[in-house]
Amino acid sequence: MEKSQLELILINISGQDHPGVTSALSEILARYDAGILDIGQADIHHTLSLGILIKTDSAVSGNIMKELLFKASELNVNIRFTPISIKEYEEWVGRQDKNRWIITLLGRRLTARQIANVTSELAKQGMNIDAIQRLTGRMPLGEEEQPRSKSCVELSVRGTPADVHAMQERFMQLSQEDEFDISMQEDTLYRRCRRLICFDMDSTLIETEVIDELAMRAGVGDQVKAITERAMRGEIDFCESFRERVALLKGLDESV
């Protein structure tokens, strides 16, 4: 009788998502006391993509796969098994110590070109994407709804950039060219423990330019608004426009 051996198996499940799929499959694994080494799941437009890396005994691995196959057929999902060698697994674990980064993309809408440009730079820097997740609601199709919509995607990235400053400069360039924001943070305990977030207020959290509202109370609304528009067009820089606008507010009571 052959001696049982440790086996590592990567299980990939895909197909139409519905309640109970993960529960039914994990119940089979639990029955055979399989160890879960890694697990991840995504749902895109009702389509499930589930990956589970298990460790088990060669004496029961055949039964596990057979039962999972029957259950997958019953649930009408696809299932695939890939054996993983211990050497492959240990090399994968060894790479876990590499630096981790969180790259966040935010815009009114995100395009394939924006994603391609950012991921191309990551590849150029020798970094690998471990996970991608959408942080905002699903995008509307109606043209009248899109101007008020926001789209945000987060990339979990592993590796040490070949040139972190060059990468930051490239992200800044892409942000200006393609009109979306890119945030790049080291994924450390400090990132997770932040308790203060600062936002620009005017035309960001609110749709109003407060200085224009103050100017209307001071009777110089049209003049201040004209300066604001010149600054928005890039005809004068912010500091100069700010000085000109505030000068026009001289004498306005602070209670306003």
# chains A, B, ... in the order shown; residues from 1 in each chain; ligands from 1
call {"tool": "residues_around", "arguments": {"residues": "A:Asp163", "least_positions_apart": "5", "cutoff": "10 Å", "atoms": "only C-alpha atoms", "output": "JSON, numbers by chain"}}
result
{"A": [124, 125, 126, 168]}
call {"tool": "residues_around", "arguments": {"residues": "A:Asp187", "least_positions_apart": "2", "cutoff": "6 Å", "atoms": "only C-alpha atoms", "output": "NGL selection string"}}
result
:A and (100-102)
call {"tool": "closest_residue", "arguments": {"among": "A:Ile52, A:Val220, A:Ala116, A:Val157", "to": "A:Ile84", "atoms": "only C-alpha atoms"}}
result
A:Ile52
call {"tool": "select_by_dssp", "arguments": {"residues": "stretch 14-88 of chain A", "states": "strand (DSSP E)", "output": "ChimeraX atom specification"}}
result
/A:14-16,35-44,47-57,78-84
call {"tool": "residues_around", "arguments": {"residues": "A:Val118", "least_positions_apart": "4", "cutoff": "10 Å", "atoms": "only C-alpha atoms", "output": "PyMOL selection string"}}
result
chain A and resi 103+105+113-114+122-124+167+170-171+174-175+182
call {"tool": "atom_distance", "arguments": {"atom1": "atom CA of A:Thr82", "atom2": "atom CA of A:Asn12"}}
result
8.3 Å
call {"tool": "closest_residue", "arguments": {"among": "A:Ile227, A:Val256, A:Leu48, A:Cys198", "to": "A:Glu244", "atoms": "only C-alpha atoms"}}
result
A:Ile227
call {"tool": "select_by_dssp", "arguments": {"residues": "stretch 43-227 of chain A", "states": "alpha helix (DSSP H)", "output": "ChimeraX atom specification"}}
result
/A:58-75,86-94,112-124,164-178,189-192,210-218,221-227
